[in-house]
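One structure below.
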Amino acid sequence: MSIAAIRILLGPVLLWQGKQVRRTILRLPEAEGPRTGQSGSGAPLSVLLLGDSSVAGVGADTQTDALSGRLIDRLSTTHHVTWRVIAKTGWTTRDANNALADMTTEAFDVVVLSLGVNDVTTETGLKPWLTLYHDLLNALQQTCQPKLIVVSGLPPMGRFPALSQPLRWYLGKQAKAHETALFATLSNKPGTATLPLTFDLEVSAMARDGFHPGPAVYDAWAADIAACIQSHISA
């Protein structure tokens, strides 16, 4: 049976569980601390991080322990890094597009993207989502003129403890389908690198809301992004 058929069969249950999650889930704040700065010494490298609550650092107390802080710490060992975070809890890919349209033109060597979870939870169709994502990529290339855009994969939502079954299973399947389709369309797109989340996602390392990364997950994620950036900018 296809996912679409199961969605129809379990529709009322999934709808009810979705409402329950939105009503009861612990709402954590975005990480505190600066979202722009400079760090390190060496060759100059400018980095923009754009995305949803995970890029905003929900699940970490400060930006130092969030994705941006862990990434910049690694990159600044070899580069003088100028960085900026543009992110907000709840952002969809359309929201990121709108934010970019309002942003003053600014060049960055590298853009790191993490979007898609809220598109999945709001049931943005796969084809419309892919169109929105490619619109965003094209706008970034025009606005920021990056040498590299790192497209981070979607997290394994099928393992999120905040979600009950069968909603957890359904969203996990949808997230994986979105990621697979997106990565396939980017396989030959110049200036982009896709980065699936290959590190272990232990429940104990997640934030206490059971939905967002904790500091240990941010650190592992940042290590993968840093390695990706270093391999491309040194090539």
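Residues in the structure tokens are named by chain (A, B, ... in the order shown) and by number from 1 within that chain; ligands are numbered from 1 in the order shown.
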
Handout entry: Who sits within 12 Å of stretch 211-219 of chain A, only C-alpha atoms, same chain under 5 positions skipped, as a PyMOL selection string
Key = chain A and resi 21-22+25-31+52-74+89+117-118+154-164+168+197-206+224-226

Mind writing the picked residues with C-alpha atoms as an mmCIF file, in the first residue's frame?
```
data_model
loop_
_atom_site.group_PDB
_atom_site.id
_atom_site.type_symbol
_atom_site.label_atom_id
_atom_site.label_comp_id
_atom_site.auth_asym_id
_atom_site.auth_seq_id
_atom_site.Cartn_x
_atom_site.Cartn_y
_atom_site.Cartn_z
ATOM 1 C CA VAL A 21 1.449 17.615 19.085
ATOM 2 C CA ARG A 22 0.934 21.290 18.301
ATOM 3 C CA ILE A 25 4.769 19.974 22.587
ATOM 4 C CA LEU A 26 7.239 21.850 24.751
ATOM 5 C CA ARG A 27 8.059 25.154 23.071
ATOM 6 C CA LEU A 28 11.718 25.965 23.431
ATOM 7 C CA PRO A 29 13.232 29.380 22.659
ATOM 8 C CA GLU A 30 15.756 30.081 19.959
ATOM 9 C CA ALA A 31 19.358 30.111 21.152
ATOM 10 C CA ASP A 52 14.304 27.204 10.327
ATOM 11 C CA SER A 53 14.409 26.548 14.071
ATOM 12 C CA SER A 54 17.407 24.217 13.827
ATOM 13 C CA VAL A 55 19.506 27.004 12.289
ATOM 14 C CA ALA A 56 18.097 29.402 14.904
ATOM 15 C CA GLY A 57 19.508 27.044 17.528
ATOM 16 C CA VAL A 58 16.368 25.787 19.247
ATOM 17 C CA GLY A 59 17.520 23.100 21.667
ATOM 18 C CA ALA A 60 20.725 24.918 22.637
ATOM 19 C CA ASP A 61 20.921 27.682 25.233
ATOM 20 C CA THR A 62 23.301 29.885 23.264
ATOM 21 C CA GLN A 63 24.487 30.250 19.681
ATOM 22 C CA THR A 64 27.888 29.039 20.864
ATOM 23 C CA ASP A 65 26.425 25.575 21.425
ATOM 24 C CA ALA A 66 24.099 25.744 18.412
ATOM 25 C CA LEU A 67 24.834 24.917 14.788
ATOM 26 C CA SER A 68 26.326 28.315 13.941
ATOM 27 C CA GLY A 69 28.683 28.382 16.905
ATOM 28 C CA ARG A 70 29.943 24.848 16.435
ATOM 29 C CA LEU A 71 30.452 25.399 12.703
ATOM 30 C CA ILE A 72 32.267 28.713 13.056
ATOM 31 C CA ASP A 73 34.543 27.273 15.748
ATOM 32 C CA ARG A 74 35.696 24.629 13.292
ATOM 33 C CA THR A 89 11.261 28.975 14.221
ATOM 34 C CA VAL A 117 10.684 20.065 8.225
ATOM 35 C CA ASN A 118 7.952 22.690 8.390
ATOM 36 C CA LEU A 154 16.005 16.596 6.465
ATOM 37 C CA PRO A 155 16.267 14.946 9.882
ATOM 38 C CA PRO A 156 14.896 11.432 10.505
ATOM 39 C CA MET A 157 11.478 12.536 11.743
ATOM 40 C CA GLY A 158 10.474 8.898 12.079
ATOM 41 C CA ARG A 159 12.662 8.805 15.194
ATOM 42 C CA PHE A 160 11.378 11.955 16.898
ATOM 43 C CA PRO A 161 10.086 10.970 20.365
ATOM 44 C CA ALA A 162 7.720 13.972 20.448
ATOM 45 C CA LEU A 163 5.627 12.305 17.734
ATOM 46 C CA SER A 164 3.229 9.428 18.366
ATOM 47 C CA ARG A 168 5.895 9.559 13.512
ATOM 48 C CA LEU A 197 22.396 13.736 8.092
ATOM 49 C CA THR A 198 24.489 10.608 8.491
ATOM 50 C CA PHE A 199 25.493 10.940 12.135
ATOM 51 C CA ASP A 200 23.753 8.926 14.861
ATOM 52 C CA LEU A 201 20.674 10.672 16.214
ATOM 53 C CA GLU A 202 20.438 9.309 19.729
ATOM 54 C CA VAL A 203 17.245 10.273 21.517
ATOM 55 C CA SER A 204 19.297 11.181 24.582
ATOM 56 C CA ALA A 205 21.205 13.766 22.517
ATOM 57 C CA MET A 206 18.062 15.570 21.360
ATOM 58 C CA ASP A 224 29.906 17.263 8.772
ATOM 59 C CA ILE A 225 29.150 20.698 7.304
ATOM 60 C CA ALA A 226 32.655 21.954 8.074
#
```

Practice task
Could you find all residues in stretch 15-233 of chain A that DSSP calls strand (DSSP E) from the backbone, and write them as a VMD selection string?
Solution key: chain A and resid 36 to 39 43 to 51 79 to 87 110 to 114 148 to 152 192 to 195

Practice task
Grab the atom CA of A:Ala101 to atom CA of A:Thr143 distance for me, in Å with one decimal place.
Solution key: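 Atom CA of A:Ala101 sits 8.8 Å away from atom CA of A:Thr143.
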
Practice task
May I have the residues within 12 Å of stretch 121-127 of chain A as a PyMOL selection string, using only C-alpha atoms and disregarding those fewer than 2 positions away in the same chain?
Solution key: chain A and resi 4+7+14-15+17-19+21-22+90-94+115-119+129-134+157+163+167-168+170-182+185

Practice task
Go through A:Ser41, A:Thr24, A:Ser114, A:Thr78 one by one, measure the shortest atom-to-atom distance of each to A:Gly153 using only C-alpha atoms, and give the residue with the smallest value.
Solution key: A:Ser114

Exercise for the section: Determine which residues of stretch 90-167 of chain A receive a DSSP assignment of helix (DSSP H, G or I), computed from the backbone, and state them as a PyMOL selection string. Expected result: chain A and resi 93-101+117-121+126-143+157-159+167

Take the residues just selected and output them with N, CA, C and O atoms as a tab-separated table (two decimals), in the first residue's frame.
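Okay, this is what ended up in out.tsv:
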```
chain	number	residue	atom	x	y	z
A	93	THR	N	10.11	26.82	3.45
A	93	THR	CA	10.95	27.27	2.34
A	93	THR	C	10.39	28.56	1.73
A	93	THR	O	11.15	29.45	1.32
A	94	ARG	N	9.09	28.69	1.69
A	94	ARG	CA	8.49	29.93	1.20
A	94	ARG	C	8.85	31.10	2.10
A	94	ARG	O	9.16	32.20	1.61
A	95	ASP	N	8.85	30.90	3.40
A	95	ASP	CA	9.23	31.96	4.33
A	95	ASP	C	10.67	32.40	4.10
A	95	ASP	O	10.99	33.59	4.16
A	96	ALA	N	11.55	31.43	3.87
A	96	ALA	CA	12.95	31.76	3.62
A	96	ALA	C	13.09	32.56	2.32
A	96	ALA	O	13.89	33.49	2.25
A	97	ASN	N	12.32	32.18	1.32
A	97	ASN	CA	12.31	32.95	0.07
A	97	ASN	C	11.90	34.40	0.32
A	97	ASN	O	12.52	35.34	-0.20
A	98	ASN	N	10.84	34.59	1.12
A	98	ASN	CA	10.35	35.93	1.41
A	98	ASN	C	11.39	36.74	2.19
A	98	ASN	O	11.57	37.94	1.95
A	99	ALA	N	12.06	36.08	3.14
A	99	ALA	CA	13.08	36.77	3.92
A	99	ALA	C	14.26	37.20	3.05
A	99	ALA	O	14.79	38.30	3.19
A	100	LEU	N	14.63	36.32	2.14
A	100	LEU	CA	15.75	36.64	1.25
A	100	LEU	C	15.40	37.81	0.33
A	100	LEU	O	16.25	38.66	0.03
A	101	ALA	N	14.14	37.87	-0.09
A	101	ALA	CA	13.71	38.97	-0.95
A	101	ALA	C	13.82	40.32	-0.25
A	101	ALA	O	14.03	41.35	-0.90
A	117	VAL	N	11.49	20.69	7.18
A	117	VAL	CA	10.68	20.06	8.23
A	117	VAL	C	9.30	20.70	8.31
A	117	VAL	O	8.28	20.00	8.38
A	118	ASN	N	9.25	22.02	8.29
A	118	ASN	CA	7.95	22.69	8.39
A	118	ASN	C	7.13	22.56	7.11
A	118	ASN	O	5.90	22.63	7.16
A	119	ASP	N	7.80	22.35	5.99
A	119	ASP	CA	7.08	22.04	4.76
A	119	ASP	C	6.41	20.68	4.86
A	119	ASP	O	5.29	20.48	4.37
A	120	VAL	N	7.11	19.73	5.50
A	120	VAL	CA	6.54	18.40	5.70
A	120	VAL	C	5.36	18.45	6.67
A	120	VAL	O	4.30	17.88	6.41
A	121	THR	N	5.54	19.14	7.79
A	121	THR	CA	4.48	19.16	8.80
A	121	THR	C	3.25	19.94	8.34
A	121	THR	O	2.13	19.68	8.81
A	126	LEU	N	5.10	17.73	-2.70
A	126	LEU	CA	6.49	17.54	-3.10
A	126	LEU	C	6.88	18.43	-4.28
A	126	LEU	O	7.91	19.13	-4.23
A	127	LYS	N	6.09	18.47	-5.33
A	127	LYS	CA	6.43	19.28	-6.50
A	127	LYS	C	6.46	20.77	-6.19
A	127	LYS	O	7.41	21.46	-6.57
A	128	PRO	N	5.44	21.30	-5.49
A	128	PRO	CA	5.52	22.72	-5.12
A	128	PRO	C	6.73	23.04	-4.24
A	128	PRO	O	7.35	24.10	-4.38
A	129	TRP	N	7.07	22.12	-3.35
A	129	TRP	CA	8.21	22.34	-2.47
A	129	TRP	C	9.51	22.38	-3.27
A	129	TRP	O	10.36	23.25	-3.05
A	130	LEU	N	9.68	21.47	-4.21
A	130	LEU	CA	10.88	21.46	-5.03
A	130	LEU	C	11.00	22.77	-5.83
A	130	LEU	O	12.09	23.33	-5.98
A	131	THR	N	9.86	23.26	-6.33
A	131	THR	CA	9.87	24.53	-7.05
A	131	THR	C	10.32	25.67	-6.14
A	131	THR	O	11.16	26.50	-6.52
A	132	LEU	N	9.78	25.70	-4.93
A	132	LEU	CA	10.15	26.74	-3.98
A	132	LEU	C	11.63	26.65	-3.61
A	132	LEU	O	12.31	27.68	-3.50
A	133	TYR	N	12.12	25.43	-3.45
A	133	TYR	CA	13.53	25.26	-3.06
A	133	TYR	C	14.45	25.74	-4.17
A	133	TYR	O	15.44	26.43	-3.93
A	134	HIS	N	14.13	25.39	-5.40
A	134	HIS	CA	14.96	25.83	-6.52
A	134	HIS	C	14.85	27.34	-6.74
A	134	HIS	O	15.83	27.97	-7.13
A	135	ASP	N	13.69	27.90	-6.46
A	135	ASP	CA	13.55	29.36	-6.51
A	135	ASP	C	14.50	30.00	-5.49
A	135	ASP	O	15.15	31.03	-5.78
A	136	LEU	N	14.57	29.39	-4.31
A	136	LEU	CA	15.44	29.91	-3.26
A	136	LEU	C	16.91	29.79	-3.68
A	136	LEU	O	17.69	30.74	-3.49
A	137	LEU	N	17.29	28.67	-4.22
A	137	LEU	CA	18.67	28.48	-4.66
A	137	LEU	C	19.06	29.50	-5.73
A	137	LEU	O	20.15	30.09	-5.68
A	138	ASN	N	18.16	29.71	-6.68
A	138	ASN	CA	18.44	30.68	-7.74
A	138	ASN	C	18.55	32.10	-7.18
A	138	ASN	O	19.41	32.88	-7.60
A	139	ALA	N	17.67	32.42	-6.24
A	139	ALA	CA	17.72	33.75	-5.62
A	139	ALA	C	19.00	33.94	-4.82
A	139	ALA	O	19.60	35.02	-4.83
A	140	LEU	N	19.43	32.90	-4.12
A	140	LEU	CA	20.67	32.97	-3.36
A	140	LEU	C	21.87	33.19	-4.29
A	140	LEU	O	22.77	33.99	-3.98
A	141	GLN	N	21.87	32.50	-5.40
A	141	GLN	CA	22.99	32.66	-6.33
A	141	GLN	C	23.04	34.06	-6.90
A	141	GLN	O	24.13	34.60	-7.14
A	142	GLN	N	21.89	34.68	-7.08
A	142	GLN	CA	21.86	36.04	-7.60
A	142	GLN	C	22.18	37.06	-6.51
A	142	GLN	O	22.89	38.04	-6.76
A	143	THR	N	21.62	36.84	-5.31
A	143	THR	CA	21.76	37.82	-4.23
A	143	THR	C	23.11	37.74	-3.53
A	143	THR	O	23.72	38.77	-3.21
A	157	MET	N	12.65	12.23	10.92
A	157	MET	CA	11.48	12.54	11.74
A	157	MET	C	10.79	11.28	12.26
A	157	MET	O	10.06	11.32	13.25
A	158	GLY	N	11.03	10.17	11.61
A	158	GLY	CA	10.47	8.90	12.08
A	158	GLY	C	11.06	8.42	13.39
A	158	GLY	O	10.60	7.41	13.94
A	159	ARG	N	12.05	9.16	13.91
A	159	ARG	CA	12.66	8.81	15.19
A	159	ARG	C	12.43	9.87	16.26
A	159	ARG	O	12.98	9.78	17.35
A	167	LEU	N	1.75	8.84	13.37
A	167	LEU	CA	2.20	10.13	12.83
A	167	LEU	C	3.71	10.16	12.66
A	167	LEU	O	4.22	10.68	11.66
```

Problem - Between atom CA of A:Asn188 and atom CA of A:Trp221, distance in Å (one decimal) - result: 23.7 Å

Exercise for the section: Check the smallest atom-to-atom distance from each of A:Val85, A:Gln165, A:Cys144, A:Gly33 to A:Thr104 using only C-alpha atoms, then report the winner. Expected result: A:Cys144

Within 10 Å of A:Thr36, counting only C-alpha atoms, which residues qualify if same-chain residues fewer than 5 places away don't, as a PDB file with N, CA, C and O atoms, in the first residue's frame?
```pdb
ATOM      1  N   VAL A  47      30.267  33.272   5.561  1.00  0.00           N
ATOM      2  CA  VAL A  47      29.299  32.181   5.633  1.00  0.00           C
ATOM      3  C   VAL A  47      27.940  32.713   6.065  1.00  0.00           C
ATOM      4  O   VAL A  47      27.831  33.438   7.063  1.00  0.00           O
ATOM      5  N   LEU A  48      26.911  32.331   5.327  1.00  0.00           N
ATOM      6  CA  LEU A  48      25.521  32.618   5.687  1.00  0.00           C
ATOM      7  C   LEU A  48      24.831  31.311   6.026  1.00  0.00           C
ATOM      8  O   LEU A  48      24.890  30.351   5.257  1.00  0.00           O
ATOM      9  N   SER A  68      25.438  27.248  14.412  1.00  0.00           N
ATOM     10  CA  SER A  68      26.326  28.315  13.941  1.00  0.00           C
ATOM     11  C   SER A  68      27.614  28.359  14.741  1.00  0.00           C
ATOM     12  O   SER A  68      28.716  28.426  14.177  1.00  0.00           O
ATOM     13  N   THR A  82      33.733  35.459   8.552  1.00  0.00           N
ATOM     14  CA  THR A  82      32.662  36.426   8.771  1.00  0.00           C
ATOM     15  C   THR A  82      31.361  35.673   8.549  1.00  0.00           C
ATOM     16  O   THR A  82      31.174  35.041   7.512  1.00  0.00           O
ATOM     17  N   TRP A  83      30.469  35.730   9.536  1.00  0.00           N
ATOM     18  CA  TRP A  83      29.286  34.873   9.457  1.00  0.00           C
ATOM     19  C   TRP A  83      28.008  35.611   9.846  1.00  0.00           C
ATOM     20  O   TRP A  83      28.035  36.635  10.522  1.00  0.00           O
ATOM     21  N   ARG A  84      26.907  35.053   9.364  1.00  0.00           N
ATOM     22  CA  ARG A  84      25.590  35.617   9.658  1.00  0.00           C
ATOM     23  C   ARG A  84      24.549  34.498   9.690  1.00  0.00           C
ATOM     24  O   ARG A  84      24.609  33.563   8.878  1.00  0.00           O
ATOM     25  N   VAL A  85      23.618  34.586  10.613  1.00  0.00           N
ATOM     26  CA  VAL A  85      22.509  33.634  10.725  1.00  0.00           C
ATOM     27  C   VAL A  85      21.202  34.356  10.411  1.00  0.00           C
ATOM     28  O   VAL A  85      20.900  35.394  11.000  1.00  0.00           O
ATOM     29  N   ILE A  86      20.436  33.806   9.473  1.00  0.00           N
ATOM     30  CA  ILE A  86      19.089  34.291   9.192  1.00  0.00           C
ATOM     31  C   ILE A  86      18.164  33.085   9.324  1.00  0.00           C
ATOM     32  O   ILE A  86      18.167  32.182   8.472  1.00  0.00           O
TER      33      ILE A  86
END
```

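Between A:Thr105 and the residues A:Pro146, A:Gly37, A:Gly210, A:Gly51, the shortest atom-to-atom distance, using only C-alpha atoms, involves A:Pro146.
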